[in-house]
Structures are given as structure tokens and as C-alpha cells.
Amino acid sequence: MRGWTKTLLWAGILLACAGVGAFVGSRSNPFPPGVRDPVALPSDSPSPSPPDRVRWALSMSSRSSHTYHVGGSCTSDWRLRGLIELRKSGRVHGRGVARILLGANCDFPSAQIQAERVVVAILGRVEGEKLALVFKEERVQPVGSQDLGGFLRTLRFSIPQRAGAEASESKRIEDPNGDIYAAVTRIRLGR
């Protein structure tokens, strides 16, 4: 093959490649979703979409008592720390650990062992501008111990759905057997 034929062949191949590249380039988006166009002007009214999940740290302090229908009562002070997550569906899921503080006692002798640590599942949903939260016992330590002061029976709260929100509540519940559970509780959401 002669030199000028090779040159013409290579020039044809390069022109064909350039034509194919130009055609493909004209049909593609140089800024796919997630890549910002550097020369695009910002829109006047951005519409931020709400995040799929919002997370808060939750802290709680509670002084509870359990008055037995046969007489006598037990008291306890608890501190709970946990994390909750508000999902786009409006449901709340989380987990926390409650620890008893010194001073828990009963005004009668008892063979039952007082719980010292409780792992709780935190569930709930959005109700208007508030989160309605329920705490469910998952694990108690030491194994076989009980919440003698009634802390776990009073764990149901509503709190505004924003970081820094606080709520305090006094609660009194009488069960069908005549036992009375009471608590003064403070709950706080943080980031």
C-alpha cells in the first residue's frame, strides 16, 4: 500500500471516530443528577425536600413510685439515654438504656431484686407537631430482677418534634388490681 493511501485511510478513520464522538456527546447530559452545573444560575425559590430520616438524642429523668394494693410502696429514680429516628413515614424507632440511681427502696422487706439497668425499644409516631413516644422493655439486668418502683409502667409521652424540645409530665395510673403507679418525668430531645 502506498504512503498517500495509508494517510487517506487514517484520515478517514479519524474523521469517522470524531463524527461518532460528536454524535454521542450531543445526546448525553454532562451534568447528571447530583452534579452541579457550574454556570447555572441559582433558582429564586429553592424547594428543599425533607430528609428521609431525622435523628435525635433523647434523655430522660424520672422519679417513680409503685403503691401496692396490699399496702406498702417502692420508689426509684432513673436516668435514660437513647437515640431515636423519625422516618419519612412519620414513624419513630429507637433504643435507649435506663439506669437506676442510688436511693431506690421499698418501705417493706422484699425478696425480689430491683432492676438496675433496662434496655428499651422506643416507638412512636407523629401526632400534629408532636412525637407520641412509647417505651417497651427489651432486657432487664440483673437477669430475673424487676422494676419495683413502677418506672416502666409510666413510659408514654408526647414531646414537640424539634431539637432542644423539653417536656415534663406527672402521671398517675391505677391498674385493675388496685396498684398505683406514679411518676414525675422530664424528657429532652437533642442533636
# chains A, B, ... in the order shown; residues from 1 in each chain; ligands from 1

$ residues_around --residues "stretch 102-110 of chain A" --least-positions-apart "4" --cutoff "8 Å" --atoms "only C-alpha atoms" --output "PyMOL selection string"
chain A and resi 72-77+148-149

$ select_by_dssp --residues "stretch 34-172 of chain A" --states "strand (DSSP E or B)" --output "VMD selection string"
chain A and resid 53 to 67 73 to 87 91 to 100 105 to 106 114 117 to 127 130 to 141 146 156 to 160 166 to 172

$ write_last_selection --atoms "C-alpha atoms" --output "mmCIF file, in the first residue's frame"
data_model
loop_
_atom_site.group_PDB
_atom_site.id
_atom_site.type_symbol
_atom_site.label_atom_id
_atom_site.label_comp_id
_atom_site.auth_asym_id
_atom_site.auth_seq_id
_atom_site.Cartn_x
_atom_site.Cartn_y
_atom_site.Cartn_z
ATOM 1 C CA ARG A 53 -34.689 10.365 58.381
ATOM 2 C CA VAL A 54 -34.146 12.758 61.270
ATOM 3 C CA ARG A 55 -32.178 11.603 64.314
ATOM 4 C CA TRP A 56 -32.281 12.951 67.856
ATOM 5 C CA ALA A 57 -30.560 12.077 71.095
ATOM 6 C CA LEU A 58 -33.105 11.531 73.856
ATOM 7 C CA SER A 59 -32.503 11.964 77.583
ATOM 8 C CA MET A 60 -34.937 11.380 80.409
ATOM 9 C CA SER A 61 -35.019 11.582 84.185
ATOM 10 C CA SER A 62 -37.862 10.028 86.164
ATOM 11 C CA ARG A 63 -38.831 9.632 89.818
ATOM 12 C CA SER A 64 -41.372 6.847 90.079
ATOM 13 C CA SER A 65 -43.321 5.022 92.775
ATOM 14 C CA HIS A 66 -45.418 1.880 92.958
ATOM 15 C CA THR A 67 -48.025 1.686 95.738
ATOM 16 C CA SER A 73 -44.705 1.189 98.277
ATOM 17 C CA CYS A 74 -41.412 1.248 96.395
ATOM 18 C CA THR A 75 -39.699 4.292 94.860
ATOM 19 C CA SER A 76 -36.916 4.683 92.295
ATOM 20 C CA ASP A 77 -35.041 7.348 90.324
ATOM 21 C CA TRP A 78 -33.994 6.573 86.735
ATOM 22 C CA ARG A 79 -31.911 8.218 84.001
ATOM 23 C CA LEU A 80 -32.408 7.131 80.391
ATOM 24 C CA ARG A 81 -30.259 7.949 77.365
ATOM 25 C CA GLY A 82 -31.080 6.862 73.838
ATOM 26 C CA LEU A 83 -31.317 7.686 70.151
ATOM 27 C CA ILE A 84 -34.490 7.966 68.113
ATOM 28 C CA GLU A 85 -35.050 8.258 64.387
ATOM 29 C CA LEU A 86 -38.062 9.894 62.747
ATOM 30 C CA ARG A 87 -38.659 8.334 59.346
ATOM 31 C CA ARG A 91 -42.923 6.568 62.459
ATOM 32 C CA VAL A 92 -40.360 6.771 65.259
ATOM 33 C CA HIS A 93 -37.920 3.967 66.072
ATOM 34 C CA GLY A 94 -35.085 3.941 68.554
ATOM 35 C CA ARG A 95 -33.403 2.354 71.523
ATOM 36 C CA GLY A 96 -32.249 3.540 74.918
ATOM 37 C CA VAL A 97 -30.720 2.376 78.177
ATOM 38 C CA ALA A 98 -32.179 3.352 81.561
ATOM 39 C CA ARG A 99 -30.063 3.135 84.705
ATOM 40 C CA ILE A 100 -31.327 3.333 88.255
ATOM 41 C CA ASN A 105 -36.102 1.400 98.113
ATOM 42 C CA CYS A 106 -39.261 -0.226 99.394
ATOM 43 C CA GLN A 114 -34.583 -4.367 91.989
ATOM 44 C CA ARG A 117 -30.415 -1.381 84.052
ATOM 45 C CA VAL A 118 -33.151 -1.656 81.422
ATOM 46 C CA VAL A 119 -32.731 -1.660 77.630
ATOM 47 C CA VAL A 120 -35.863 -0.226 75.991
ATOM 48 C CA ALA A 121 -37.176 -0.015 72.451
ATOM 49 C CA ILE A 122 -38.562 3.458 71.705
ATOM 50 C CA LEU A 123 -41.503 3.508 69.303
ATOM 51 C CA GLY A 124 -43.904 6.208 68.251
ATOM 52 C CA ARG A 125 -45.427 8.378 65.570
ATOM 53 C CA VAL A 126 -46.035 11.995 64.642
ATOM 54 C CA GLU A 127 -49.254 13.485 66.039
ATOM 55 C CA LYS A 130 -45.532 16.384 68.472
ATOM 56 C CA LEU A 131 -43.965 12.955 68.723
ATOM 57 C CA ALA A 132 -46.006 10.409 70.682
ATOM 58 C CA LEU A 133 -43.462 8.008 72.232
ATOM 59 C CA VAL A 134 -43.871 4.623 73.920
ATOM 60 C CA PHE A 135 -41.042 2.737 75.647
ATOM 61 C CA LYS A 136 -41.049 -1.088 75.619
ATOM 62 C CA GLU A 137 -38.825 -3.184 77.881
ATOM 63 C CA GLU A 138 -36.392 -5.396 75.935
ATOM 64 C CA ARG A 139 -33.887 -6.536 78.576
ATOM 65 C CA VAL A 140 -33.523 -6.115 82.332
ATOM 66 C CA GLN A 141 -30.319 -6.507 84.325
ATOM 67 C CA GLN A 146 -37.962 -6.444 88.483
ATOM 68 C CA ARG A 156 -45.668 7.080 77.407
ATOM 69 C CA PHE A 157 -45.023 10.697 76.376
ATOM 70 C CA SER A 158 -45.626 13.444 73.822
ATOM 71 C CA ILE A 159 -42.897 15.954 73.002
ATOM 72 C CA PRO A 160 -42.524 18.645 70.295
ATOM 73 C CA GLU A 166 -38.333 19.517 76.528
ATOM 74 C CA ALA A 167 -41.415 18.150 78.226
ATOM 75 C CA SER A 168 -42.273 17.428 81.859
ATOM 76 C CA GLU A 169 -45.126 15.277 82.978
ATOM 77 C CA SER A 170 -46.656 13.969 86.198
ATOM 78 C CA LYS A 171 -48.520 10.738 85.760
ATOM 79 C CA ARG A 172 -50.711 8.532 87.983
#

$ closest_residue --among "A:Ala183, A:Glu174, A:Glu129, A:His69" --to "A:Leu152" --atoms "only C-alpha atoms"
A:Ala183

$ select_by_dssp --residues "stretch 17-176 of chain A" --states "alpha helix (DSSP H)" --output "list in words"
Cys17, Ala18, Gly19, Val20, Gly21, Ala22, Phe23, Val24, Gly25 and Ser26 of chain A

$ closest_residue --among "A:Gly128, A:Val184, A:Val143, A:Ala163" --to "A:Gly90" --atoms "only C-alpha atoms"
A:Gly128

$ atom_distance --atom1 "atom CA of A:Gly150" --atom2 "atom CA of A:Gln112"
13.6 Å

$ atom_distance --atom1 "atom CA of A:Ile173" --atom2 "atom CA of A:Gly190"
28.5 Å

$ atom_distance --atom1 "atom CA of A:Thr7" --atom2 "atom CA of A:Val20"
20.1 Å
